[in-house]
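Undergrad: The structure is given below, and queries will be raised subsequently.
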Protein chains: 2
Amino acid sequence: MAVVNKTAHLFDKTRLEALLNRRFFYAPAFEIYGGVAGLYDYGPSGSSLQANIINEWRKHFIVEEAMLELDTTIMTPAPVFETSGHVARFADWMVKDSKTGDVLRADHLVKNVLEARLAGDKEARGQAALPKEEEKDKKKKKKAVKATAVQLPDQVVKDYEFTLAQLDNYGGAELGELCRKFDIKNPDTDNEVTEPQQFNLMFASSIGPTGQHPGFLRPETAQGHFLNFSRLLEFNNGRVPFASAQIGRSFRNEISPRAGLLRVREFTMAEIEHYVDPLDKSHVRFKEVRDVALDLLDRNVQFAGSTTPTKMTIGEAVDKGVVANETLGYFMARIYLYLLKVGINPKRLRFRQHMANEMAHYATDCWDAEIENSTGWTECVGCADRAAYDLTVHSNKTGHPLVVRQALKDPIVTEKEVPEFNKKNFGKTFKQDAGALQKYIEGMSEEELSKIKGELAQGSTTVTLDGKSFQLSSDLLQVERKTFKQSVREYTPNVVEPSFGLGRILYTLLEHSYWSREQDVERGVLSLPPLVAPTKVLIVPLSAKEEFDPLVREISSKLRRAGIFSRVDDSNTSIGKRYARNDELGTPYGITVDFASVQNHTCTLRERDTMDQRIGPIDQVIATVTELVEGEIDWVEACKRLPAYDGVQAID
Amino acid sequence: MAVVNKTAHLFDKTRLEALLNRRFFYAPAFEIYGGVAGLYDYGPSGSSLQANIINEWRKHFIVEEAMLELDTTIMTPAPVFETSGHVARFADWMVKDSKTGDVLRADHLVKNVLEARLAGDKEARGQAALPKEEEKDKKKKKKAVKATAVQLPDQVVKDYEFTLAQLDNYGGAELGELCRKFDIKNPDTDNEVTEPQQFNLMFASSIGPTGQHPGFLRPETAQGHFLNFSRLLEFNNGRVPFASAQIGRSFRNEISPRAGLLRVREFTMAEIEHYVDPLDKSHVRFKEVRDVALDLLDRNVQFAGSTTPTKMTIGEAVDKGVVANETLGYFMARIYLYLLKVGINPKRLRFRQHMANEMAHYATDCWDAEIENSTGWTECVGCADRAAYDLTVHSNKTGHPLVVRQALKDPIVTEKEVPEFNKKNFGKTFKQDAGALQKYIEGMSEEELSKIKGELAQGSTTVTLDGKSFQLSSDLLQVERKTFKQSVREYTPNVVEPSFGLGRILYTLLEHSYWSREQDVERGVLSLPPLVAPTKVLIVPLSAKEEFDPLVREISSKLRRAGIFSRVDDSNTSIGKRYARNDELGTPYGITVDFASVQNHTCTLRERDTMDQRIGPIDQVIATVTELVEGEIDWVEACKRLPAYDGVQAID
């Protein structure tokens, strides 16, 4: 088996982007109209890759745990997001160029400028060379922040590093202060920037012909789950815990999206809302994941200005209280396992805990699965314990109870003092004061009532209300001890929410999968796992000659019956070029049909990464490739079953 | 095998809707906030049903014909829809109540009022009884148009019927005239209505923080295909015909949606754009569908005021020119086959041709697949030949060529006369007139040039331009015959577009599948085909006792391995009630596990419609149900394999 060197060439983002564009994984939407920042269309390869990532998500989460799937609307009337807090708070801080009026996102501005200065400092200290990107950037029209080799005082370097480590912790006022303190200007123009202002990230519209009903496009699918909570609970026969799940489009009107698929205005997300008893956040399957080890970057480490994660099993993390509870920990481990399954490199995956200011005020704990890529570490999955916030606010607003009613096996029995009024006498005696007085006594504490009870037993008691004294005897009021039995416990469940940005996962996966052949940097390969690869098998007839048609049809139909998605490439170019094209598409296996195939009913099987070719009878090759695609055997095993192909097929 | 009478009870929409609500197939979105007309959420059953309908669509169309799948954005900048014509024309006619200002859709108003009058006429003539629905309608707050038994003159009945038959043919002016002519008022208030005005159905928003970039939510996915045409063609190695396909959300701000899932403001659609040579609209697989017979309602029949379709094979329809071309006919047949596969009743399915005014002005031909349901015939799939319209307008607007360049096997050779100027002499002689004169001569016809050629051969010729005469001799101008060779043909492909409203298909399918048990009208059943049923097999342990757990787990996991989606219902209620609940969910098969199962490793298999129960060893039951779900055998065959279950299992 051939040895493959995937790291012969340094990762080159420009080459990868050219490949993705050329093979139509995705492209700027409305490109022929000049495009719109932050909107992308997925082509055939990207759509298939996305569909496979979604399909595996459905299996790994929904089917595995019998979650209740939902498909709720995107268009949402304004009152829903007023209640949820999005109208007031779902915003980013933007600054404007004081002269041109160009709009920039404040935290990104600070980050880009400080990072460029630190890069310049490293260059000046001889620790690293600056990338030579000026040429390319000019072509793109968009200026990257240019780093120049200027050495900074040690204390300034420390200051910058500290600021960057806790950037997510700053609000508008702090960001404005940082711009002044560090003299941060718009790098495109060198002009001052204004004080940060909030910009709400929801797209607004209005519903119906009269324009009287404002609406927003949802920025997440979560509210659609919460509003249906009662129905979901009923569907689940009233039992908790359970989870709802939804895969769908969401929208965020980003201020100035510039990072390809990593920051877009319209995206497909997958969200789980797991409803759990607030008094018991254990998870019945936690034991299955206890030993999964994760790179954890907790909030204390970040607050100390460090970004070095700690490797820890999720069991240990929950035991030590680093992660708040078992349910949250269970999902963090499941997220990790899912990301590995679709092909994310575990060495470039960490979980970062939200810092105090960064976390929604209601959340108990929140960890982001961050994946490293050419732009740094990117949040791809959020996993938050949202406590009872959402269900509570919607319930309060609408008056519709969003609660669990749990029948108690052992009813809770309580005793308490209860005032009993002789209404007729009481009314006659106190006339217009009777009502207020009764209410006042009913509102008394257990202790006060006990005291009155004692005094009444002695003859009479005096109650003072609004400076007026009322004398009461037992013909007007008696206090009695009564027993209460509670057989149902009513509570608002807490919600643990794993929330996946599928486009970000897709893009980082493409970066992790990309490399160039050692012998030729121009020959790019996407080593996508067969599970998510758009096409599993490429069928390549030697030429478009009709004599190959029956075999191509036979192989296609046998693969289809085995559930393996294949494509035929009978285009008018060499087999080598066709394989090179499919290496770029990430197709893991190729089957070649030639004259020997017609005569001997054999074909060759090619593996993408090694370019190894084996040969065998058609049915045996199909059986082998089926097991390969389904992950039952690996290429080493396949090589034991099929002899190597020496490039010459026996023909009579 | 039990005999099933599915028509013992008349279809009752109210009961069906109660079932769909109770079992959370779908529900009004934002219900706890009072709901928004035309927005619905799909619950677990509806989501699964939809996912299965989509999955089969993907197989039947995309996989079967190797279509190129796309996933393009919903948010669209305004210029795209200005070019496509949607900003100017994607509108409905609305009228307002002259006193209350309530908004009504004009064509629906005319339809509802005339239909009610015709129903009243039938009642008065003793031909039919009016439905007794007043009570229910009052509760719903929404008033249906009340029919009263008034006999109409025969001519008026004819007038009404004629108007209804071609209602889709009327524009705003005609609708206004009809309201006056037939004295149509707002039935809710009995007030006059205003003249019809256009209301654009696109939801508007704006993109980016400055508010300077207006956008719309797409009302169809089609434009996303067209804008990517060049990339798609390249992906397909430059070959035509091919098709792109997309499944996604679209939005229409309907004026006053009142028809449940049949008219909604947000919906999932599936669209195919099939690109074809305008000179050759044959389809290579047409022969496979030639004999498929469809109910066709062509435009001539409708224009004559009739709504009676003609049964015809698609082969005959294309041969006779009833359907414009093979490609259009091919897709109509494929649509028909798809709808039958997911469970639509073929007797309630027809294809209606668009009438002249109804069809988009650019379209060559258009047929809607209409499905009958309790509200009448509803368009569920459109199938239009959009000609070259879309690609042409976008290409003209952007300057980006959206064309096919076809290499010609035999280059086209043409000869023509070409003027050759002696530029130096020509300029010197005619000075400031030289430019205009040259241009004029170059624009001459073949005939004129021949004439000049002859005269030049004789010595000289005179050309008159703007009343001025110029004399030319062969030292200034020569006309020569030259040969031209064209080896590439460039053309804008035509587009045949099948466009599916998946929510409408889903809802009509639910109506077609619903019936009540003969012995009890309250016991509803949804006879969904296994292919689309949300759950294929329900596993029912006799009780939640732990001793059943190993068998339940065994059956679940064996079914999962066979690719059959099952659910366990171990809720604390009788087996009969659990089966009744799952009849409402449309679950086709049930497996019961009881004490005999534990002892004998057997289980019973129940069929939903007949309620027949059979018994056998667990593995044999699983093998049988797998074949049933995959459509390889039917229940009659299953009954041959498994003995009937008499309700008593042998236990030692």
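Convention: chains lettered A, B, ... in structure tokens order; per-chain residue numbering from 1; ligands numbered from 1 as shown.
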Taking the DSSP secondary structure from the backbone, can you list the residues of segment 4-152 of chain B that are alpha helix (DSSP H), as JSON, numbers by chain?
TA: {"B": [13, 14, 15, 16, 17, 18, 19, 20, 21, 22, 44, 45, 46, 47, 48, 49, 50, 51, 52, 53, 54, 55, 56, 57, 78, 79, 80, 81, 82, 83, 84, 86, 87, 88, 89, 106, 107, 108, 109, 110, 111, 112, 113, 114, 115, 116, 117, 118, 119, 120, 121, 122, 123, 124, 134, 135, 136, 137, 138, 139]}
Undergrad: Considering only C-alpha atoms, extract the chain B residues located within 6 Å of chain A and return them as JSON, numbers by chain.
TA: {"B": [41, 42, 43, 44, 47, 68, 69, 70, 71, 72, 204, 205, 208, 209, 253, 255]}
Undergrad: Write out as a PDB file with C-alpha atoms, in the first residue's frame each polymer residue whose atoms come within 7 Å of segment 542-554 of chain B, counting only C-alpha atoms; drop sequence neighbours fewer than 3 positions from it.
TA:
```pdb
ATOM      1  CA  SER B 557     -32.364  -3.037  17.250  1.00  0.00           C
ATOM      2  CA  LYS B 558     -33.144  -5.702  14.638  1.00  0.00           C
ATOM      3  CA  ASP B 570     -44.860   1.370  26.828  1.00  0.00           C
ATOM      4  CA  ILE B 575     -52.908  -2.250  24.296  1.00  0.00           C
ATOM      5  CA  THR B 592     -46.951  -6.970  20.549  1.00  0.00           C
ATOM      6  CA  VAL B 593     -44.672  -8.488  23.153  1.00  0.00           C
ATOM      7  CA  ASP B 594     -46.302 -10.419  25.995  1.00  0.00           C
TER       8      ASP B 594
END
```
Undergrad: In Å, how far is it from atom CA of Glu630 of chain B to atom CA of Glu518 of chain B?
TA: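 Between atom CA of Glu630 of chain B and atom CA of Glu518 of chain B the gap is 28.6 Å.
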Undergrad: If you count only C-alpha atoms, which residues fall within 10 Å of segment 185-197 of chain B, apart from same-chain ones fewer than 4 positions away, as an mmCIF file with N, CA, C and O atoms, in the first residue's frame?
TA:
```
data_model
loop_
_atom_site.group_PDB
_atom_site.id
_atom_site.type_symbol
_atom_site.label_atom_id
_atom_site.label_comp_id
_atom_site.auth_asym_id
_atom_site.auth_seq_id
_atom_site.Cartn_x
_atom_site.Cartn_y
_atom_site.Cartn_z
ATOM 1 N N ALA B 91 -48.392 39.548 -7.737
ATOM 2 C CA ALA B 91 -49.383 40.211 -6.892
ATOM 3 C C ALA B 91 -50.735 39.537 -7.044
ATOM 4 O O ALA B 91 -51.002 38.860 -8.038
ATOM 5 N N ASP B 92 -51.570 39.714 -6.036
ATOM 6 C CA ASP B 92 -52.967 39.304 -6.143
ATOM 7 C C ASP B 92 -53.826 40.566 -6.104
ATOM 8 O O ASP B 92 -53.377 41.615 -5.670
ATOM 9 N N TRP B 93 -55.074 40.400 -6.558
ATOM 10 C CA TRP B 93 -56.006 41.536 -6.494
ATOM 11 C C TRP B 93 -56.747 41.488 -5.176
ATOM 12 O O TRP B 93 -57.308 40.464 -4.809
ATOM 13 N N MET B 94 -56.725 42.601 -4.462
ATOM 14 C CA MET B 94 -57.475 42.643 -3.209
ATOM 15 C C MET B 94 -58.522 43.745 -3.265
ATOM 16 O O MET B 94 -58.379 44.733 -3.981
ATOM 17 N N VAL B 95 -59.610 43.535 -2.537
ATOM 18 C CA VAL B 95 -60.618 44.588 -2.382
ATOM 19 C C VAL B 95 -60.731 44.868 -0.887
ATOM 20 O O VAL B 95 -60.416 44.022 -0.060
ATOM 21 N N LYS B 96 -61.174 46.077 -0.577
ATOM 22 C CA LYS B 96 -61.384 46.402 0.831
ATOM 23 C C LYS B 96 -62.870 46.605 1.084
ATOM 24 O O LYS B 96 -63.599 47.102 0.211
ATOM 25 N N ASP B 97 -63.312 46.222 2.244
ATOM 26 C CA ASP B 97 -64.660 46.524 2.673
ATOM 27 C C ASP B 97 -64.761 48.050 2.762
ATOM 28 O O ASP B 97 -63.923 48.697 3.395
ATOM 29 N N SER B 98 -65.779 48.633 2.116
ATOM 30 C CA SER B 98 -65.823 50.096 2.005
ATOM 31 C C SER B 98 -66.030 50.770 3.364
ATOM 32 O O SER B 98 -65.713 51.945 3.521
ATOM 33 N N LYS B 99 -66.541 50.034 4.353
ATOM 34 C CA LYS B 99 -66.726 50.662 5.670
ATOM 35 C C LYS B 99 -65.696 50.206 6.705
ATOM 36 O O LYS B 99 -65.097 51.028 7.384
ATOM 37 N N THR B 100 -65.477 48.883 6.802
ATOM 38 C CA THR B 100 -64.575 48.404 7.861
ATOM 39 C C THR B 100 -63.113 48.413 7.439
ATOM 40 O O THR B 100 -62.218 48.362 8.273
ATOM 41 N N GLY B 101 -62.861 48.448 6.130
ATOM 42 C CA GLY B 101 -61.482 48.408 5.662
ATOM 43 C C GLY B 101 -60.894 47.000 5.645
ATOM 44 O O GLY B 101 -59.739 46.818 5.288
ATOM 45 N N ASP B 102 -61.687 45.984 6.031
ATOM 46 C CA ASP B 102 -61.191 44.601 5.978
ATOM 47 C C ASP B 102 -60.739 44.269 4.559
ATOM 48 O O ASP B 102 -61.356 44.702 3.584
ATOM 49 N N VAL B 103 -59.687 43.472 4.475
ATOM 50 C CA VAL B 103 -59.107 43.162 3.179
ATOM 51 C C VAL B 103 -59.514 41.755 2.734
ATOM 52 O O VAL B 103 -59.437 40.805 3.511
ATOM 53 N N LEU B 104 -59.955 41.620 1.491
ATOM 54 C CA LEU B 104 -60.349 40.318 0.947
ATOM 55 C C LEU B 104 -59.657 40.105 -0.384
ATOM 56 O O LEU B 104 -59.405 41.064 -1.119
ATOM 57 N N ARG B 105 -59.373 38.856 -0.710
ATOM 58 C CA ARG B 105 -58.795 38.575 -2.021
ATOM 59 C C ARG B 105 -59.932 38.545 -3.029
ATOM 60 O O ARG B 105 -60.923 37.823 -2.860
ATOM 61 N N ALA B 106 -59.827 39.330 -4.103
ATOM 62 C CA ALA B 106 -60.953 39.569 -5.009
ATOM 63 C C ALA B 106 -61.469 38.290 -5.655
ATOM 64 O O ALA B 106 -62.687 38.036 -5.671
ATOM 65 N N ASP B 107 -60.570 37.446 -6.189
ATOM 66 C CA ASP B 107 -61.059 36.247 -6.878
ATOM 67 C C ASP B 107 -61.720 35.274 -5.905
ATOM 68 O O ASP B 107 -62.730 34.638 -6.231
ATOM 69 N N LEU B 109 -63.333 36.127 -3.207
ATOM 70 C CA LEU B 109 -64.639 36.706 -2.873
ATOM 71 C C LEU B 109 -65.682 36.325 -3.916
ATOM 72 O O LEU B 109 -66.771 35.830 -3.590
ATOM 73 N N VAL B 110 -65.332 36.532 -5.187
ATOM 74 C CA VAL B 110 -66.273 36.209 -6.270
ATOM 75 C C VAL B 110 -66.624 34.726 -6.225
ATOM 76 O O VAL B 110 -67.794 34.337 -6.280
ATOM 77 N N ASN B 112 -66.430 32.505 -3.699
ATOM 78 C CA ASN B 112 -67.208 32.088 -2.538
ATOM 79 C C ASN B 112 -68.662 32.528 -2.648
ATOM 80 O O ASN B 112 -69.574 31.765 -2.338
ATOM 81 N N VAL B 113 -68.883 33.752 -3.103
ATOM 82 C CA VAL B 113 -70.256 34.268 -3.180
ATOM 83 C C VAL B 113 -71.047 33.527 -4.259
ATOM 84 O O VAL B 113 -72.180 33.076 -4.019
ATOM 85 N N LYS B 142 -64.964 32.750 12.318
ATOM 86 C CA LYS B 142 -64.791 33.053 10.904
ATOM 87 C C LYS B 142 -66.072 32.643 10.208
ATOM 88 O O LYS B 142 -66.536 31.517 10.338
ATOM 89 N N LYS B 143 -66.652 33.560 9.455
ATOM 90 C CA LYS B 143 -67.905 33.236 8.795
ATOM 91 C C LYS B 143 -67.657 32.607 7.433
ATOM 92 O O LYS B 143 -66.939 33.158 6.612
ATOM 93 N N ALA B 144 -68.280 31.477 7.187
ATOM 94 C CA ALA B 144 -68.309 30.971 5.818
ATOM 95 C C ALA B 144 -69.412 31.757 5.112
ATOM 96 O O ALA B 144 -70.268 32.362 5.754
ATOM 97 N N VAL B 145 -69.351 31.776 3.811
ATOM 98 C CA VAL B 145 -70.408 32.472 3.095
ATOM 99 C C VAL B 145 -71.663 31.617 3.196
ATOM 100 O O VAL B 145 -71.655 30.459 2.786
ATOM 101 N N LYS B 146 -72.709 32.181 3.763
ATOM 102 C CA LYS B 146 -73.912 31.403 4.025
ATOM 103 C C LYS B 146 -74.746 31.276 2.759
ATOM 104 O O LYS B 146 -75.003 32.258 2.056
ATOM 105 N N GLY B 171 -58.497 39.437 -14.723
ATOM 106 C CA GLY B 171 -57.618 40.395 -14.058
ATOM 107 C C GLY B 171 -58.423 41.291 -13.123
ATOM 108 O O GLY B 171 -59.621 41.062 -12.896
ATOM 109 N N GLY B 172 -57.765 42.364 -12.624
ATOM 110 C CA GLY B 172 -58.397 43.231 -11.637
ATOM 111 C C GLY B 172 -59.638 43.928 -12.167
ATOM 112 O O GLY B 172 -60.681 43.962 -11.505
ATOM 113 N N ALA B 173 -59.559 44.480 -13.372
ATOM 114 C CA ALA B 173 -60.687 45.218 -13.930
ATOM 115 C C ALA B 173 -61.905 44.319 -14.077
ATOM 116 O O ALA B 173 -63.019 44.678 -13.679
ATOM 117 N N GLU B 174 -61.662 43.106 -14.607
ATOM 118 C CA GLU B 174 -62.775 42.164 -14.777
ATOM 119 C C GLU B 174 -63.377 41.759 -13.431
ATOM 120 O O GLU B 174 -64.595 41.633 -13.309
ATOM 121 N N LEU B 175 -62.522 41.546 -12.445
ATOM 122 C CA LEU B 175 -63.029 41.133 -11.128
ATOM 123 C C LEU B 175 -63.901 42.241 -10.534
ATOM 124 O O LEU B 175 -64.955 41.981 -9.939
ATOM 125 N N GLY B 176 -63.474 43.495 -10.714
ATOM 126 C CA GLY B 176 -64.271 44.624 -10.233
ATOM 127 C C GLY B 176 -65.618 44.664 -10.931
ATOM 128 O O GLY B 176 -66.676 44.882 -10.307
ATOM 129 N N GLU B 177 -65.585 44.435 -12.242
ATOM 130 C CA GLU B 177 -66.815 44.445 -13.035
ATOM 131 C C GLU B 177 -67.763 43.333 -12.577
ATOM 132 O O GLU B 177 -68.971 43.535 -12.471
ATOM 133 N N CYS B 179 -67.964 42.047 -9.627
ATOM 134 C CA CYS B 179 -68.550 42.422 -8.335
ATOM 135 C C CYS B 179 -69.758 43.330 -8.545
ATOM 136 O O CYS B 179 -70.793 43.179 -7.893
ATOM 137 N N ARG B 180 -69.613 44.289 -9.495
ATOM 138 C CA ARG B 180 -70.746 45.184 -9.765
ATOM 139 C C ARG B 180 -71.869 44.428 -10.453
ATOM 140 O O ARG B 180 -73.023 44.486 -10.040
#
```
Undergrad: One number please: atom CA of Ile633 of chain A to atom CA of Val621 of chain A, in Å, one decimal.
TA: 13.1 Å
Undergrad: Near Glu511 of chain A, counting only C-alpha atoms, which residues have an atom at most 8 Å away, once you skip same-chain residues fewer than 5 positions from it, shown as a tab-separated table (two decimals) with N, CA and C atoms, in the first residue's frame?
TA:
```tsv
chain	number	residue	atom	x	y	z
A	16	LEU	N	-7.44	26.30	-1.60
A	16	LEU	CA	-8.66	25.59	-1.20
A	16	LEU	C	-9.89	26.35	-1.72
A	373	ASN	N	-9.34	26.70	12.62
A	373	ASN	CA	-9.23	26.77	11.16
A	373	ASN	C	-8.33	27.95	10.83
A	374	SER	N	-8.21	28.28	9.55
A	374	SER	CA	-7.23	29.30	9.15
A	374	SER	C	-7.52	30.67	9.73
```
Undergrad: Write out as an MDAnalysis selection string the set of residues from segment 78-313 of chain B that DSSP, computed on the backbone, places in strand (DSSP E or B).
TA: chainID B and resid 91:97 103:105 186 191 193 197:200 204:207 213:217 242:251 266:276 293:297 310:313
Undergrad: Could you give me, as a list in words, the residues within 10 Å of Leu337 of chain B, counting only C-alpha atoms and dropping anything in the same chain fewer than 4 positions from it?
TA: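 Final neighbour list, sorted by chain and number: His60, Val289, Val292, Phe331, Met332, Ala333, Lys341, Val342, Ile344 and Pro346 of chain B.
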Undergrad: If we count only C-alpha atoms, what is near Gln302 of chain B at a cut-off of 12 Å, once residues fewer than 6 positions away on the same chain are taken out, given as a ChimeraX atom specification?
TA: /B:161-169,296,308-310,352-356
Undergrad: Produce a file of the selected residues containing C-alpha atoms, as a compact mmCIF listing (two decimals), in the first residue's frame.
TA:
```txt
# COMPACT_ATOMS: atom_id res chain seq x y z
CA GLU B 161 -71.05 28.56 -13.84
CA PHE B 162 -69.33 30.10 -16.83
CA THR B 163 -67.69 32.73 -14.65
CA LEU B 164 -66.48 30.17 -12.12
CA ALA B 165 -65.06 27.88 -14.83
CA GLN B 166 -62.78 30.61 -16.08
CA LEU B 167 -62.21 32.57 -12.91
CA ASP B 168 -58.45 32.21 -13.14
CA ASN B 169 -58.62 34.02 -16.44
CA LEU B 296 -56.44 16.17 -18.68
CA THR B 308 -64.84 17.73 -17.32
CA PRO B 309 -61.41 16.22 -17.95
CA THR B 310 -60.49 13.73 -20.66
CA ARG B 352 -55.45 21.34 -15.64
CA GLN B 353 -53.92 23.48 -18.35
CA HIS B 354 -53.44 27.18 -17.66
CA MET B 355 -55.65 29.49 -19.65
CA ALA B 356 -54.24 32.30 -21.75
```
Undergrad: To one decimal in Å, tell me the separation between atom CA of Arg263 of chain A and atom CA of Asn300 of chain A.
TA: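 The value is 27.5 Å.
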